[in-house]
>>> print(open('entry-v2.tsv').read())   # TSV, N, CA and C atoms and all ligand atoms
chain	number	residue	atom	x	y	z
A	19	MET	N	-49.54	25.70	2.81
A	19	MET	CA	-48.70	26.60	3.59
A	19	MET	C	-47.29	26.58	3.05
A	20	ASN	N	-46.69	27.75	2.98
A	20	ASN	CA	-45.31	27.89	2.55
A	20	ASN	C	-44.41	27.64	3.77
A	21	TRP	N	-43.74	26.49	3.80
A	21	TRP	CA	-42.96	26.12	4.98
A	21	TRP	C	-41.76	27.02	5.18
A	22	GLY	N	-41.14	27.47	4.10
A	22	GLY	CA	-40.01	28.39	4.22
A	22	GLY	C	-40.41	29.69	4.90
A	23	TYR	N	-41.59	30.20	4.52
A	23	TYR	CA	-42.11	31.43	5.12
A	23	TYR	C	-42.42	31.20	6.60
A	24	ALA	N	-43.04	30.06	6.91
A	24	ALA	CA	-43.39	29.75	8.31
A	24	ALA	C	-42.13	29.62	9.17
A	25	ILE	N	-41.13	28.92	8.66
A	25	ILE	CA	-39.88	28.76	9.42
A	25	ILE	C	-39.19	30.11	9.60
A	26	HIS	N	-39.22	30.93	8.56
A	26	HIS	CA	-38.64	32.28	8.67
A	26	HIS	C	-39.32	33.08	9.79
A	27	LYS	N	-40.66	33.04	9.82
A	27	LYS	CA	-41.39	33.79	10.84
A	27	LYS	C	-41.12	33.22	12.23
A	28	LEU	N	-40.98	31.90	12.36
A	28	LEU	CA	-40.64	31.31	13.66
A	28	LEU	C	-39.26	31.78	14.13
A	29	LEU	N	-38.32	31.87	13.21
A	29	LEU	CA	-36.98	32.33	13.57
A	29	LEU	C	-37.00	33.82	13.93
A	30	VAL	N	-37.85	34.60	13.26
A	30	VAL	CA	-37.99	36.01	13.62
A	30	VAL	C	-38.50	36.11	15.06
A	31	GLY	N	-39.49	35.30	15.40
A	31	GLY	CA	-40.01	35.28	16.76
A	31	GLY	C	-38.95	34.82	17.76
A	32	ALA	N	-38.18	33.81	17.38
A	32	ALA	CA	-37.11	33.33	18.27
A	32	ALA	C	-36.05	34.39	18.49
A	33	ARG	N	-35.89	35.31	17.54
A	33	ARG	CA	-34.95	36.43	17.70
A	33	ARG	C	-35.60	37.58	18.46
A	34	LEU	N	-36.80	37.37	18.97
A	34	LEU	CA	-37.54	38.33	19.80
A	34	LEU	C	-37.95	39.57	19.01
A	35	ARG	N	-38.19	39.40	17.72
A	35	ARG	CA	-38.67	40.50	16.88
A	35	ARG	C	-40.12	40.26	16.53
A	36	CYS	N	-40.82	41.34	16.27
A	36	CYS	CA	-42.22	41.27	15.88
A	36	CYS	C	-42.35	40.47	14.58
A	37	PRO	N	-43.23	39.47	14.53
A	37	PRO	CA	-43.35	38.68	13.30
A	37	PRO	C	-44.01	39.45	12.16
A	38	ASN	N	-44.68	40.55	12.45
A	38	ASN	CA	-45.35	41.33	11.41
A	38	ASN	C	-44.35	42.23	10.67
A	39	CYS	N	-43.65	43.09	11.40
A	39	CYS	CA	-42.73	44.05	10.74
A	39	CYS	C	-41.28	43.58	10.81
A	40	GLU	N	-40.97	42.63	11.66
A	40	GLU	CA	-39.63	42.05	11.83
A	40	GLU	C	-38.62	43.07	12.35
A	41	GLN	N	-39.11	44.18	12.93
A	41	GLN	CA	-38.20	45.18	13.46
A	41	GLN	C	-38.43	45.45	14.95
A	42	GLY	N	-39.68	45.52	15.37
A	42	GLY	CA	-39.98	45.86	16.76
A	42	GLY	C	-39.56	44.77	17.72
A	43	LYS	N	-39.02	45.21	18.87
A	43	LYS	CA	-38.63	44.25	19.90
A	43	LYS	C	-39.86	43.85	20.71
A	44	MET	N	-40.01	42.55	20.97
A	44	MET	CA	-41.18	42.08	21.72
A	44	MET	C	-40.99	42.17	23.22
A	45	PHE	N	-39.75	42.07	23.69
A	45	PHE	CA	-39.49	42.03	25.13
A	45	PHE	C	-38.67	43.22	25.57
A	46	HIS	N	-39.01	43.75	26.71
A	46	HIS	CA	-38.17	44.69	27.44
A	46	HIS	C	-38.08	44.15	28.85
A	47	GLY	N	-37.00	43.51	29.15
A	47	GLY	CA	-36.88	42.83	30.43
A	47	GLY	C	-36.74	41.34	30.19
A	48	LEU	N	-36.54	40.61	31.27
A	48	LEU	CA	-36.25	39.19	31.12
A	48	LEU	C	-37.50	38.35	30.87
A	49	PHE	N	-38.63	38.71	31.45
A	49	PHE	CA	-39.79	37.84	31.34
A	49	PHE	C	-41.06	38.53	30.87
A	50	SER	N	-41.06	39.85	30.71
A	50	SER	CA	-42.31	40.53	30.38
A	50	SER	C	-42.34	40.92	28.91
A	51	ILE	N	-43.37	40.45	28.23
A	51	ILE	CA	-43.57	40.75	26.82
A	51	ILE	C	-44.40	42.03	26.72
A	52	ASP	N	-44.06	42.89	25.76
A	52	ASP	CA	-44.85	44.09	25.54
A	52	ASP	C	-46.22	43.70	24.99
A	53	LYS	N	-47.21	44.55	25.18
A	53	LYS	CA	-48.55	44.24	24.68
A	53	LYS	C	-48.63	44.44	23.17
A	54	THR	N	-47.98	45.50	22.68
A	54	THR	CA	-48.03	45.79	21.25
A	54	THR	C	-46.63	46.07	20.72
A	55	CYS	N	-46.49	45.98	19.41
A	55	CYS	CA	-45.21	46.25	18.76
A	55	CYS	C	-44.96	47.76	18.75
A	56	PRO	N	-43.77	48.22	19.16
A	56	PRO	CA	-43.49	49.66	19.15
A	56	PRO	C	-43.34	50.23	17.74
A	57	VAL	N	-43.17	49.38	16.73
A	57	VAL	CA	-42.96	49.87	15.36
A	57	VAL	C	-44.27	49.83	14.56
A	58	CYS	N	-44.93	48.67	14.50
A	58	CYS	CA	-46.11	48.55	13.64
A	58	CYS	C	-47.42	48.51	14.43
A	59	GLY	N	-47.37	48.32	15.73
A	59	GLY	CA	-48.56	48.41	16.56
A	59	GLY	C	-49.41	47.16	16.66
A	60	VAL	N	-48.95	46.01	16.14
A	60	VAL	CA	-49.77	44.81	16.28
A	60	VAL	C	-49.81	44.39	17.75
A	61	ARG	N	-50.93	43.80	18.15
A	61	ARG	CA	-51.07	43.27	19.51
A	61	ARG	C	-50.60	41.82	19.49
A	62	TYR	N	-49.65	41.49	20.37
A	62	TYR	CA	-49.04	40.15	20.36
A	62	TYR	C	-49.98	39.08	20.91
A	63	GLU	N	-50.63	39.38	22.00
A	63	GLU	CA	-51.51	38.38	22.62
A	63	GLU	C	-52.84	39.05	22.94
A	64	ARG	N	-53.93	38.45	22.53
A	64	ARG	CA	-55.24	39.06	22.72
A	64	ARG	C	-55.96	38.51	23.95
A	65	LEU	N	-55.67	37.30	24.33
A	65	LEU	CA	-56.40	36.67	25.43
A	65	LEU	C	-55.44	36.28	26.55
A	66	ASP	N	-55.95	36.27	27.77
A	66	ASP	CA	-55.17	35.76	28.88
A	66	ASP	C	-54.87	34.28	28.64
A	67	GLY	N	-53.70	33.86	29.01
A	67	GLY	CA	-53.36	32.45	28.90
A	67	GLY	C	-52.80	32.05	27.55
A	68	GLU	N	-52.67	32.99	26.63
A	68	GLU	CA	-52.09	32.64	25.33
A	68	GLU	C	-50.63	32.24	25.44
A	69	SER	N	-49.98	32.67	26.53
A	69	SER	CA	-48.56	32.37	26.66
A	69	SER	C	-48.30	30.90	26.96
A	70	ILE	N	-49.34	30.12	27.21
A	70	ILE	CA	-49.15	28.70	27.52
A	70	ILE	C	-48.51	27.97	26.35
A	71	GLY	N	-48.76	28.44	25.12
A	71	GLY	CA	-48.12	27.82	23.96
A	71	GLY	C	-46.62	28.00	24.00
A	72	GLY	N	-46.16	29.19	24.42
A	72	GLY	CA	-44.73	29.42	24.56
A	72	GLY	C	-44.12	28.54	25.63
A	73	THR	N	-44.85	28.35	26.71
A	73	THR	CA	-44.39	27.47	27.78
A	73	THR	C	-44.25	26.04	27.26
A	74	LEU	N	-45.20	25.62	26.44
A	74	LEU	CA	-45.14	24.27	25.87
A	74	LEU	C	-43.92	24.12	24.96
A	75	ILE	N	-43.67	25.11	24.10
A	75	ILE	CA	-42.48	25.07	23.24
A	75	ILE	C	-41.23	24.99	24.09
A	76	ASN	N	-41.18	25.80	25.15
A	76	ASN	CA	-40.01	25.82	26.03
A	76	ASN	C	-39.78	24.45	26.67
A	77	LEU	N	-40.82	23.84	27.18
A	77	LEU	CA	-40.68	22.54	27.84
A	77	LEU	C	-40.30	21.44	26.86
A	78	VAL	N	-40.87	21.46	25.66
A	78	VAL	CA	-40.53	20.44	24.67
A	78	VAL	C	-39.05	20.53	24.30
A	79	PHE	N	-38.56	21.76	24.03
A	79	PHE	CA	-37.15	21.91	23.71
A	79	PHE	C	-36.27	21.45	24.88
A	80	ALA	N	-36.63	21.85	26.10
A	80	ALA	CA	-35.81	21.50	27.27
A	80	ALA	C	-35.77	19.99	27.48
A	81	GLU	N	-36.93	19.34	27.35
A	81	GLU	CA	-36.95	17.90	27.60
A	81	GLU	C	-36.25	17.12	26.51
A	82	VAL	N	-36.44	17.52	25.25
A	82	VAL	CA	-35.77	16.82	24.15
A	82	VAL	C	-34.26	16.96	24.29
A	83	LEU	N	-33.79	18.18	24.60
A	83	LEU	CA	-32.35	18.39	24.74
A	83	LEU	C	-31.77	17.66	25.95
A	84	SER	N	-32.46	17.73	27.09
A	84	SER	CA	-31.89	17.10	28.28
A	84	SER	C	-31.97	15.58	28.20
A	85	MET	N	-33.05	15.04	27.69
A	85	MET	CA	-33.14	13.58	27.57
A	85	MET	C	-32.19	13.07	26.48
A	86	GLY	N	-32.13	13.80	25.36
A	86	GLY	CA	-31.19	13.42	24.31
A	86	GLY	C	-29.75	13.52	24.79
A	87	GLY	N	-29.45	14.60	25.52
A	87	GLY	CA	-28.11	14.78	26.06
A	87	GLY	C	-27.76	13.68	27.05
A	88	TYR	N	-28.73	13.33	27.89
A	88	TYR	CA	-28.49	12.26	28.86
A	88	TYR	C	-28.18	10.94	28.14
A	89	ILE	N	-29.00	10.61	27.17
A	89	ILE	CA	-28.83	9.32	26.46
A	89	ILE	C	-27.50	9.29	25.70
A	90	ILE	N	-27.18	10.37	25.01
A	90	ILE	CA	-25.92	10.40	24.26
A	90	ILE	C	-24.72	10.36	25.20
A	91	THR	N	-24.78	11.13	26.28
A	91	THR	CA	-23.67	11.13	27.25
A	91	THR	C	-23.51	9.75	27.88
A	92	GLN	N	-24.63	9.13	28.20
A	92	GLN	CA	-24.57	7.79	28.81
A	92	GLN	C	-23.99	6.78	27.84
A	93	ALA	N	-24.40	6.88	26.56
A	93	ALA	CA	-23.90	5.92	25.57
A	93	ALA	C	-22.41	6.11	25.29
A	94	LEU	N	-21.95	7.36	25.27
A	94	LEU	CA	-20.56	7.62	24.91
A	94	LEU	C	-19.60	7.47	26.08
A	95	PHE	N	-19.98	7.99	27.25
A	95	PHE	CA	-19.02	8.05	28.35
A	95	PHE	C	-19.43	7.26	29.59
A	96	ALA	N	-20.70	6.91	29.70
A	96	ALA	CA	-21.22	6.17	30.84
A	96	ALA	C	-20.79	6.75	32.18
A	97	PRO	N	-21.01	8.06	32.39
A	97	PRO	CA	-20.66	8.64	33.69
A	97	PRO	C	-21.60	8.14	34.78
A	98	PRO	N	-21.20	8.26	36.04
A	98	PRO	CA	-22.08	7.79	37.12
A	98	PRO	C	-23.36	8.63	37.20
A	99	LEU	N	-24.43	8.01	37.67
A	99	LEU	CA	-25.71	8.69	37.79
A	99	LEU	C	-25.62	9.88	38.74
A	100	ALA	N	-24.71	9.80	39.73
A	100	ALA	CA	-24.52	10.90	40.67
A	100	ALA	C	-24.02	12.16	39.97
A	101	PHE	N	-23.41	12.00	38.79
A	101	PHE	CA	-23.03	13.17	38.00
A	101	PHE	C	-24.14	13.53	37.02
A	102	GLN	N	-24.67	12.54	36.35
A	102	GLN	CA	-25.67	12.79	35.30
A	102	GLN	C	-26.91	13.50	35.84
A	103	LEU	N	-27.45	13.01	36.91
A	103	LEU	CA	-28.73	13.53	37.41
A	103	LEU	C	-28.65	15.01	37.79
A	104	PRO	N	-27.71	15.45	38.65
A	104	PRO	CA	-27.67	16.87	38.98
A	104	PRO	C	-27.33	17.74	37.78
A	105	PHE	N	-26.49	17.23	36.89
A	105	PHE	CA	-26.11	18.03	35.73
A	105	PHE	C	-27.33	18.31	34.85
A	106	TRP	N	-28.10	17.29	34.53
A	106	TRP	CA	-29.22	17.48	33.60
A	106	TRP	C	-30.40	18.18	34.26
A	107	VAL	N	-30.55	18.03	35.56
A	107	VAL	CA	-31.58	18.83	36.26
A	107	VAL	C	-31.21	20.30	36.22
A	108	ALA	N	-29.95	20.61	36.50
A	108	ALA	CA	-29.49	22.00	36.44
A	108	ALA	C	-29.59	22.54	35.02
A	109	PHE	N	-29.21	21.72	34.03
A	109	PHE	CA	-29.32	22.12	32.63
A	109	PHE	C	-30.76	22.47	32.29
A	110	ASN	N	-31.68	21.62	32.72
A	110	ASN	CA	-33.11	21.83	32.46
A	110	ASN	C	-33.58	23.17	33.02
A	111	ILE	N	-33.24	23.45	34.27
A	111	ILE	CA	-33.71	24.69	34.91
A	111	ILE	C	-33.09	25.91	34.22
A	112	ILE	N	-31.80	25.87	33.97
A	112	ILE	CA	-31.13	27.02	33.34
A	112	ILE	C	-31.64	27.22	31.91
A	113	PHE	N	-31.80	26.12	31.18
A	113	PHE	CA	-32.28	26.24	29.80
A	113	PHE	C	-33.67	26.85	29.77
A	114	ILE	N	-34.56	26.38	30.63
A	114	ILE	CA	-35.93	26.89	30.65
A	114	ILE	C	-35.95	28.39	30.95
A	115	LEU	N	-35.11	28.83	31.86
A	115	LEU	CA	-35.06	30.26	32.18
A	115	LEU	C	-34.51	31.09	31.02
A	116	LEU	N	-33.46	30.59	30.39
A	116	LEU	CA	-32.81	31.36	29.32
A	116	LEU	C	-33.60	31.31	28.01
A	117	PHE	N	-34.33	30.22	27.76
A	117	PHE	CA	-35.04	30.05	26.49
A	117	PHE	C	-36.47	30.56	26.55
A	118	TYR	N	-36.92	31.00	27.73
A	118	TYR	CA	-38.32	31.39	27.92
A	118	TYR	C	-38.76	32.45	26.91
A	119	ARG	N	-38.00	33.53	26.81
A	119	ARG	CA	-38.40	34.62	25.90
A	119	ARG	C	-38.42	34.15	24.45
A	120	HIS	N	-37.45	33.34	24.07
A	120	HIS	CA	-37.38	32.88	22.68
A	120	HIS	C	-38.55	31.96	22.35
A	121	ALA	N	-38.91	31.09	23.29
A	121	ALA	CA	-40.05	30.21	23.07
A	121	ALA	C	-41.35	31.01	22.97
A	122	ARG	N	-41.47	32.02	23.82
A	122	ARG	CA	-42.68	32.84	23.78
A	122	ARG	C	-42.73	33.67	22.49
A	123	GLY	N	-41.57	34.13	22.02
A	123	GLY	CA	-41.51	34.82	20.73
A	123	GLY	C	-41.91	33.90	19.59
A	124	MET	N	-41.49	32.64	19.66
A	124	MET	CA	-41.89	31.68	18.63
A	124	MET	C	-43.39	31.46	18.67
A	125	TRP	N	-43.96	31.47	19.87
A	125	TRP	CA	-45.40	31.26	19.98
A	125	TRP	C	-46.17	32.45	19.39
A	126	VAL	N	-45.65	33.66	19.57
A	126	VAL	CA	-46.28	34.83	18.95
A	126	VAL	C	-46.23	34.68	17.43
A	127	SER	N	-45.14	34.12	16.91
A	127	SER	CA	-45.05	33.87	15.47
A	127	SER	C	-46.08	32.84	15.03
A	128	VAL	N	-46.30	31.82	15.84
A	128	VAL	CA	-47.34	30.83	15.51
A	128	VAL	C	-48.70	31.52	15.46
A	129	ALA	N	-48.95	32.40	16.44
A	129	ALA	CA	-50.22	33.14	16.44
A	129	ALA	C	-50.31	34.05	15.22
A	130	TYR	N	-49.20	34.66	14.84
A	130	TYR	CA	-49.18	35.52	13.65
A	130	TYR	C	-49.51	34.70	12.41
A	131	LEU	N	-48.91	33.51	12.29
A	131	LEU	CA	-49.15	32.66	11.12
A	131	LEU	C	-50.60	32.18	11.08
A	132	SER	N	-51.25	32.09	12.23
A	132	SER	CA	-52.65	31.66	12.25
A	132	SER	C	-53.61	32.85	12.14
A	133	GLY	N	-53.07	34.05	12.02
A	133	GLY	CA	-53.90	35.23	11.75
A	133	GLY	C	-54.43	35.94	12.97
A	134	SER	N	-53.90	35.68	14.16
A	134	SER	CA	-54.44	36.33	15.35
A	134	SER	C	-53.52	37.42	15.91
A	135	VAL	N	-52.50	37.83	15.15
A	135	VAL	CA	-51.66	38.96	15.55
A	135	VAL	C	-51.86	40.05	14.51
A	136	TYR	N	-52.54	41.14	14.91
A	136	TYR	CA	-52.83	42.24	14.00
A	136	TYR	C	-53.04	43.50	14.85
A	137	PRO	N	-52.97	44.68	14.22
A	137	PRO	CA	-53.18	45.92	14.98
A	137	PRO	C	-54.59	46.00	15.54
A	138	ASP	N	-54.74	46.70	16.65
A	138	ASP	CA	-56.08	46.85	17.24
A	138	ASP	C	-57.03	47.55	16.29
A	139	SER	N	-56.52	48.43	15.42
A	139	SER	CA	-57.39	49.16	14.50
A	139	SER	C	-58.04	48.23	13.48
A	140	GLU	N	-57.45	47.05	13.25
A	140	GLU	CA	-58.02	46.10	12.30
A	140	GLU	C	-58.85	45.02	13.00
A	141	ALA	N	-59.05	45.15	14.30
A	141	ALA	CA	-59.80	44.15	15.05
A	141	ALA	C	-61.26	44.16	14.61
A	142	PRO	N	-61.88	43.01	14.48
A	142	PRO	CA	-63.30	42.98	14.15
A	142	PRO	C	-64.13	43.65	15.23
A	143	LYS	N	-65.19	44.35	14.84
A	143	LYS	CA	-65.98	45.09	15.80
A	143	LYS	C	-66.75	44.15	16.72
A	144	GLU	N	-67.26	43.07	16.19
A	144	GLU	CA	-67.96	42.09	17.02
A	144	GLU	C	-67.40	40.71	16.72
A	145	PRO	N	-67.27	39.90	17.76
A	145	PRO	CA	-66.79	38.55	17.53
A	145	PRO	C	-67.72	37.79	16.60
A	146	ALA	N	-67.17	36.91	15.80
A	146	ALA	CA	-67.97	36.17	14.82
A	146	ALA	C	-68.99	35.26	15.51
A	147	SER	N	-68.71	34.83	16.73
A	147	SER	CA	-69.63	33.91	17.41
A	147	SER	C	-70.86	34.65	17.99
A	148	LYS	N	-70.90	35.97	17.89
A	148	LYS	CA	-72.00	36.74	18.47
A	148	LYS	C	-73.09	37.02	17.45
A	149	THR	N	-73.37	36.13	16.55
A	149	THR	CA	-74.34	36.36	15.49
A	149	THR	C	-75.73	35.88	15.84
A	150	GLN	N	-75.97	35.44	17.06
A	150	GLN	CA	-77.28	34.89	17.40
A	150	GLN	C	-78.32	35.97	17.55
A	201	ZN	ZN	-44.14	45.10	14.46
>>> encode(input="entry-v2.tsv", output="structure tokens")
Amino acid sequence: MNWGYAIHKLLVGARLRCPNCEQGKMFHGLFSIDKTCPVCGVRYERLDGESIGGTLINLVFAEVLSMGGYIITQALFAPPLAFQLPFWVAFNIIFILLFYRHARGMWVSVAYLSGSVYPDSEAPKEPASKTQ
């Protein structure tokens, strides 16, 4: 795998652009992803529940940042827990809300890199597992 290409596509997804054509916007609104790209027509998610990967990316980023921030702040300034706890809980909630679309865009890029983001016209006629 070409890591530079993969990182580029992840950043395209994080910018909320279609990973296939890099022009179409994936989101219209704060939380709803379009079904297909308005420019090239690829379908972003084919199955229900595919967005769970974006949720996982979002939670990992939020937890790494808030736990890292807590540890660094504690080591440098040692503020009281009465300040630290509400601050990092609020940070966590706000970050998760603001980063949701970007994490989901990155997940669409992961799906694109694994070959599951393509136009409906190129969809296989029968699933490969139906050969019995
Ligand atoms: Zn596109």
>>> closest_residue(input="entry-v2.tsv", among="A:Gly22, A:Pro37, A:Pro98, A:Pro137", to="Cys58 in chain A", atoms="only N, CA and C atoms")
A:Pro137
>>> atom_distance(input="entry-v2.tsv", atom1="CA of Gln92 in chain A", atom2="atom N of Ile75 in chain A")
26.2 Å
>>> select_by_dssp(input="entry-v2.tsv", residues="chain A", states="alpha helix (DSSP H)", output="MDAnalysis selection string")
chainID A and resid 21:32 70:95 99:131
>>> select_by_dssp(input="entry-v2.tsv", residues="range 20-148 of chain A", states="strand (DSSP E or B)", output="list in words")
Arg35, Lys43, Phe45, Ile51, Thr54, Val60, Arg61 and Pro137 of chain A
>>> atom_distance(input="entry-v2.tsv", atom1="atom C of Gly42 in chain A", atom2="atom C of Ile111 in chain A")
25.9 Å
>>> decode(input="entry-v2.tsv", residues="range 27-49 of chain A", atoms="N, CA and C atoms", output="tab-separated table (two decimals), in the first residue's frame")
chain	number	residue	atom	x	y	z
A	27	LYS	N	-5.85	10.48	0.90
A	27	LYS	CA	-7.29	10.20	0.80
A	27	LYS	C	-7.97	10.39	2.16
A	28	LEU	N	-7.29	10.04	3.26
A	28	LEU	CA	-7.87	10.27	4.59
A	28	LEU	C	-8.06	11.77	4.84
A	29	LEU	N	-7.10	12.57	4.42
A	29	LEU	CA	-7.22	14.02	4.60
A	29	LEU	C	-8.32	14.59	3.71
A	30	VAL	N	-8.50	14.02	2.51
A	30	VAL	CA	-9.60	14.45	1.65
A	30	VAL	C	-10.93	14.17	2.36
A	31	GLY	N	-11.05	12.99	2.95
A	31	GLY	CA	-12.26	12.66	3.70
A	31	GLY	C	-12.45	13.57	4.91
A	32	ALA	N	-11.36	13.88	5.60
A	32	ALA	CA	-11.45	14.78	6.76
A	32	ALA	C	-11.87	16.17	6.34
A	33	ARG	N	-11.59	16.56	5.10
A	33	ARG	CA	-12.05	17.86	4.57
A	33	ARG	C	-13.46	17.76	4.03
A	34	LEU	N	-14.12	16.63	4.24
A	34	LEU	CA	-15.52	16.40	3.87
A	34	LEU	C	-15.72	16.39	2.36
A	35	ARG	N	-14.71	15.97	1.63
A	35	ARG	CA	-14.81	15.84	0.18
A	35	ARG	C	-14.85	14.37	-0.20
A	36	CYS	N	-15.46	14.11	-1.32
A	36	CYS	CA	-15.56	12.75	-1.83
A	36	CYS	C	-14.16	12.18	-2.07
A	37	PRO	N	-13.84	11.00	-1.56
A	37	PRO	CA	-12.50	10.47	-1.76
A	37	PRO	C	-12.24	10.01	-3.20
A	38	ASN	N	-13.28	9.83	-3.99
A	38	ASN	CA	-13.11	9.40	-5.38
A	38	ASN	C	-12.73	10.57	-6.28
A	39	CYS	N	-13.54	11.62	-6.32
A	39	CYS	CA	-13.28	12.74	-7.23
A	39	CYS	C	-12.62	13.92	-6.51
A	40	GLU	N	-12.66	13.94	-5.20
A	40	GLU	CA	-12.05	14.98	-4.36
A	40	GLU	C	-12.71	16.35	-4.57
A	41	GLN	N	-13.91	16.37	-5.14
A	41	GLN	CA	-14.60	17.64	-5.36
A	41	GLN	C	-15.96	17.69	-4.68
A	42	GLY	N	-16.72	16.60	-4.75
A	42	GLY	CA	-18.08	16.60	-4.21
A	42	GLY	C	-18.09	16.70	-2.70
A	43	LYS	N	-19.05	17.48	-2.19
A	43	LYS	CA	-19.20	17.60	-0.74
A	43	LYS	C	-19.99	16.40	-0.22
A	44	MET	N	-19.52	15.81	0.89
A	44	MET	CA	-20.20	14.64	1.44
A	44	MET	C	-21.36	15.01	2.35
A	45	PHE	N	-21.28	16.17	3.00
A	45	PHE	CA	-22.29	16.54	3.99
A	45	PHE	C	-23.03	17.79	3.55
A	46	HIS	N	-24.32	17.79	3.80
A	46	HIS	CA	-25.13	18.99	3.74
A	46	HIS	C	-25.90	19.03	5.05
A	47	GLY	N	-25.44	19.82	5.96
A	47	GLY	CA	-26.02	19.83	7.29
A	47	GLY	C	-24.97	19.38	8.28
A	48	LEU	N	-25.35	19.41	9.55
A	48	LEU	CA	-24.36	19.13	10.59
A	48	LEU	C	-24.09	17.64	10.77
A	49	PHE	N	-25.09	16.80	10.61
A	49	PHE	CA	-24.88	15.39	10.93
A	49	PHE	C	-25.29	14.43	9.83
